[in-house]
Structures are given as C-alpha cells and as structure tokens.
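structure-v9.cif follows (mmCIF, C-alpha atoms):
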data_coords
#
loop_
_atom_site.label_atom_id
_atom_site.label_comp_id
_atom_site.auth_asym_id
_atom_site.auth_seq_id
_atom_site.Cartn_x
_atom_site.Cartn_y
_atom_site.Cartn_z
CA MET M 30 0.00 0.00 0.00
CA SER M 31 2.72 2.45 0.95
CA SER M 32 4.42 1.91 -2.40
CA CYS M 33 1.15 2.99 -4.09
CA GLY M 34 0.79 6.19 -2.05
CA ILE M 35 -1.94 4.83 0.24
CA LYS M 36 -1.43 5.11 3.96
CA PRO M 37 -2.53 2.15 6.09
CA SER M 38 -4.73 4.55 8.09
CA GLN M 39 -6.73 5.25 4.90
CA VAL M 40 -7.76 1.62 4.54
CA ARG M 41 -10.75 0.11 6.33
CA LEU M 42 -10.88 -3.67 6.20
CA ALA M 43 -14.16 -5.58 6.06
CA SER M 44 -14.71 -9.28 6.54
CA ILE M 45 -16.73 -10.51 3.57
CA PRO M 46 -16.99 -14.15 2.46
CA PHE M 47 -15.18 -14.66 -0.84
CA PRO M 48 -18.35 -15.72 -2.73
CA ASN M 49 -19.98 -12.37 -1.79
CA MET M 50 -17.08 -10.04 -2.57
CA THR M 51 -17.87 -9.38 -6.22
CA ALA M 52 -21.47 -8.38 -5.45
CA GLU M 53 -20.28 -6.10 -2.61
CA LEU M 54 -17.78 -4.53 -4.97
CA GLN M 55 -20.36 -3.98 -7.70
CA SER M 56 -22.92 -2.54 -5.28
CA GLY M 57 -20.40 0.01 -4.05
CA THR M 58 -20.40 -1.33 -0.51
CA VAL M 59 -16.62 -1.72 -0.85
CA SER M 60 -14.22 0.13 -3.14
CA ALA M 61 -11.84 -2.76 -3.65
CA ALA M 62 -11.74 -6.45 -2.85
CA LEU M 63 -9.02 -9.03 -2.50
CA LEU M 64 -10.25 -11.81 -4.75
CA PRO M 65 -8.20 -15.00 -4.73
CA GLU M 66 -8.70 -17.63 -7.40
CA PRO M 67 -11.12 -18.86 -8.57
CA PHE M 68 -13.08 -15.74 -7.59
CA ALA M 69 -10.77 -13.28 -9.38
CA SER M 70 -10.97 -14.98 -12.78
CA GLY M 71 -14.68 -15.66 -12.36
CA ALA M 72 -15.38 -12.01 -11.54
CA GLU M 73 -13.33 -10.84 -14.51
CA GLU M 74 -15.06 -13.25 -16.88
CA THR M 75 -18.68 -12.91 -15.74
CA ARG M 76 -18.88 -9.44 -14.19
CA GLY M 77 -16.21 -7.42 -15.99
CA VAL M 78 -14.21 -6.75 -12.80
CA VAL M 79 -10.83 -5.21 -13.58
CA PRO M 80 -7.72 -6.15 -11.57
CA LEU M 81 -6.27 -3.20 -9.68
CA ALA M 82 -3.02 -4.78 -8.48
CA ASP M 83 -1.16 -8.05 -8.60
CA LEU M 84 -0.37 -8.84 -5.00
CA ASN M 85 2.23 -11.43 -5.95
CA GLN M 86 4.93 -8.97 -6.98
CA GLY M 87 7.36 -6.64 -5.32
CA ALA M 88 7.33 -6.85 -1.52
CA THR M 89 4.60 -9.50 -1.57
CA THR M 90 6.19 -11.91 -4.05
CA ALA M 91 5.75 -15.47 -2.76
CA PHE M 92 4.16 -14.08 0.40
CA PRO M 93 2.76 -16.87 2.57
CA ILE M 94 -1.01 -16.38 2.63
CA ALA M 95 -2.25 -19.68 3.98
CA GLY M 96 -1.11 -22.70 5.86
CA TYR M 97 -2.25 -25.75 7.74
CA VAL M 98 -1.93 -25.80 11.49
CA VAL M 99 -2.81 -28.05 14.41
CA THR M 100 -2.27 -27.68 18.12
CA LYS M 101 0.90 -29.11 19.58
CA GLN M 102 -1.26 -31.43 21.65
CA TRP M 103 -3.08 -32.79 18.59
CA ALA M 104 0.21 -33.33 16.72
CA ALA M 105 1.65 -35.25 19.68
CA LYS M 106 -1.49 -37.37 20.00
CA TYR M 107 -1.92 -38.18 16.28
CA PRO M 108 1.54 -38.25 14.67
CA HIS M 109 0.55 -40.84 12.04
CA THR M 110 -2.52 -38.86 10.96
CA LEU M 111 -0.39 -35.73 10.74
CA ALA M 112 2.19 -37.55 8.63
CA ALA M 113 -0.52 -38.90 6.28
CA PHE M 114 -2.05 -35.44 5.87
CA TYR M 115 1.37 -33.92 5.23
CA LYS M 116 2.13 -36.57 2.59
CA ALA M 117 -1.24 -35.99 0.86
CA ILE M 118 -0.65 -32.22 0.77
CA GLU M 119 2.81 -32.72 -0.74
CA LYS M 120 1.44 -35.09 -3.39
CA GLY M 121 -1.40 -32.70 -4.26
CA GLN M 122 0.99 -29.78 -4.57
CA GLN M 123 3.31 -31.78 -6.79
CA VAL M 124 0.38 -32.51 -9.14
CA ALA M 125 -0.72 -28.86 -9.02
CA ASP M 126 2.82 -27.72 -9.89
CA THR M 127 3.24 -30.11 -12.82
CA ASP M 128 -0.18 -30.82 -14.38
CA ARG M 129 -2.27 -27.77 -15.26
CA ALA M 130 -4.96 -29.92 -16.93
CA ASP M 131 -5.58 -31.81 -13.68
CA VAL M 132 -5.90 -28.53 -11.77
CA GLU M 133 -8.39 -27.17 -14.31
CA GLU M 134 -10.45 -30.36 -14.16
CA ALA M 135 -10.46 -30.28 -10.36
CA MET M 136 -11.60 -26.65 -10.33
CA MET M 137 -14.56 -27.50 -12.58
CA ASP M 138 -15.62 -30.36 -10.29
CA ILE M 139 -15.83 -28.28 -7.10
CA PRO M 140 -19.40 -27.53 -5.99
CA ALA M 141 -20.72 -23.94 -6.25
CA PRO M 142 -19.79 -21.28 -5.42
CA PHE M 143 -16.17 -22.40 -5.75
CA GLY M 144 -16.28 -24.40 -8.98
CA VAL M 145 -15.71 -22.65 -12.29
CA SER M 146 -16.52 -23.07 -15.96
CA ARG M 147 -14.06 -24.67 -18.37
CA GLN M 148 -13.28 -21.21 -19.78
CA THR M 149 -12.50 -19.76 -16.36
CA ALA M 150 -10.46 -22.81 -15.36
CA ALA M 151 -8.31 -22.29 -18.45
CA VAL M 152 -7.31 -18.76 -17.37
CA LEU M 153 -6.97 -19.20 -13.60
CA ALA M 154 -3.79 -17.79 -12.14
CA LEU M 155 -2.30 -20.67 -10.21
CA ASP M 156 -0.55 -19.91 -6.96
CA SER M 157 2.50 -21.73 -5.76
CA TYR M 158 2.29 -23.40 -2.38
CA PRO M 159 5.78 -24.47 -1.48
CA VAL M 160 6.03 -27.51 0.73
CA SER M 161 8.77 -28.41 3.13
CA HIS M 162 11.06 -31.19 2.07
CA GLY M 163 12.07 -32.00 5.62
CA PRO M 164 10.34 -34.18 8.17
CA VAL M 165 6.73 -33.61 9.18
CA GLY M 166 6.51 -30.28 10.95
CA SER M 167 9.35 -28.66 9.00
CA LEU M 168 8.81 -25.05 8.11
CA ASP M 169 10.63 -21.91 7.16
CA LYS M 170 10.61 -19.65 10.21
CA ILE M 171 11.83 -16.66 8.19
CA ARG M 172 8.77 -16.89 5.88
CA LEU M 173 6.48 -16.97 8.91
CA GLU M 174 8.23 -14.02 10.52
CA ARG M 175 7.68 -12.10 7.29
CA VAL M 176 3.92 -12.43 7.80
CA VAL M 177 4.17 -11.13 11.36
CA HIS M 178 6.27 -8.14 10.25
CA VAL M 179 3.76 -7.17 7.55
CA MET M 180 0.88 -7.50 10.03
CA GLN M 181 2.75 -5.27 12.47
CA GLN M 182 3.52 -2.70 9.77
CA PHE M 183 0.05 -2.44 8.26
CA ILE M 184 -2.44 -3.29 11.00
CA GLY M 185 -0.53 -2.61 14.19
CA PHE M 186 -0.30 -6.27 15.17
CA PRO M 187 1.52 -6.57 18.51
CA LYS M 188 5.04 -7.95 18.66
CA PHE M 189 5.31 -11.57 19.69
CA ASN M 190 7.71 -14.47 19.39
CA ILE M 191 6.54 -16.98 16.76
CA ASP M 192 8.58 -19.67 18.49
CA THR M 193 5.62 -20.07 20.85
CA MET M 194 3.58 -21.28 17.86
CA ILE M 195 6.13 -23.71 16.47
CA MET M 196 6.29 -27.30 17.60
CA PRO M 197 9.80 -28.25 18.73
CA GLY M 198 11.36 -30.90 16.61
CA PRO M 199 13.55 -31.25 13.54
CA GLU M 200 15.53 -28.37 12.13
CA PRO M 201 13.35 -26.20 9.84
CA GLY M 202 13.21 -27.19 6.18
CA PRO M 203 13.76 -24.89 3.19
CA SER M 204 10.14 -23.66 2.88
CA ALA M 205 6.87 -23.41 4.78
#

This structure in structure tokens:
Amino acid sequence: MSSCGIKPSQVRLASIPFPNMTAELQSGTVSAALLPEPFASGAEETRGVVPLADLNQGATTAFPIAGYVVTKQWAAKYPHTLAAFYKAIEKGQQVADTDRADVEEAMMDIPAPFGVSRQTAAVLALDSYPVSHGPVGSLDKIRLERVVHVMQQFIGFPKFNIDTMIMPGPEPGPSA
C-alpha cells in the first residue's frame, strides 16, 4: 500500500466471504476487494471486474497467505494422521505444480460457489504453495516471521515471538 501512495490509516478492512465479494464490490459497498482464485478470474469473466493490483509482486512476491496448522497437543497425540495429511498435501501440490490440466479439471468439479466453468479454469492464475522437504513439521521460520512483520507494519499487530507457535522438533526445512 505504501508503495502505491496509500497510507494504512486510509484503509478500512471488512470481513466478507469470498463468494460475496464481487457483489459487494459492484454494489459500491466496498471500493476494492481481495479476490483470490477462482473468484478473481470468475469475476473478470462474468462481471467485468478489472484487476487493480497483482499482490504477488514486489514486496509481496511469494508471500505466505495460507497454511495448515494443528495444536501441539493434537500433533503429539496423532503423529501418524499428521504424517498422512502432510504426505497428501505434498502429493497434491506436486500434481498442481506439474499438471495444469488436472488442476483445471479439479476446479470445474468443485461444488458452487467455488467451482468454475471450463473457460475460467483455463485462465486461472495458479498460486504456488511451497512444501517443506524436511520431516513432518518442518517449516521456514523466516517466511512466517515475514507475515508477522507485515501485520505489524500495516495493522498494528503486537510484537510476539513466533517460536511459541512452532512445535519443537527437527531443524526447519527450506520452505513453509
């Protein structure tokens, strides 16, 4: 925002479910909306929404926007379930990174409001979700700290030590 001449104090955030964002944008209830895929491509195709900014460039390139978490207690109690989930996520990401046709087909098969037409599936911008190549629980602490720093800079998030959120174990892998 700062790089575009907008001060954080000028922005008011609203919590709107992704399926409702395009309608809120078109009604004028909000001036801008963060539309992840498949909502961004669907809104462009069906409603003529125009992208304002690509948030995967500059300071936000490869910015971690999502993750999977469990409590430390759950992980200790169900290590085999955690390992199976982790393995499934890695396999799914490997397919997503190497087979665009499979991703498009999967996006068409998702129930509304998340599924898309064949035309929209063909133009979806696919994100990259790097996976750790270390043991279950491996992560990249620096990537996670980057999220905290941005939250502190733009929304006044209090300082805290992310180590309290990380399960002790193997040395962190190359990516979160």

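Picture a line from CA of Met196 (chain M) to CA of Ala104 (chain M); it runs 8.6 Å.
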
Using CA of Asp169 (chain M) and CA of Glu119 (chain M) as the two end points, give the distance in Å to one decimal.
->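 Separating CA of Asp169 (chain M) from CA of Glu119 (chain M) is a distance of 15.5 Å.
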
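Closest approach to Leu42 (chain M) among M:Ala150, M:Ile184, M:Met137, M:Ile191: M:Ile184, based on all atoms listed in the file.
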
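You can rank M:Pro108, M:Lys101, M:Gln123, M:Pro142 by their closest distance to Phe47 (chain M) using only C-alpha atoms, and at the top of that list sits M:Pro142.
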
Let me make sure I understand: among M:Lys188, M:Arg147, M:His178, M:Lys120, which one has the smallest atom-to-atom distance to Pro67 (chain M) if we use all atoms listed in the file?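 Using all atoms listed in the file, Pro67 (chain M) sits closest to M:Arg147.
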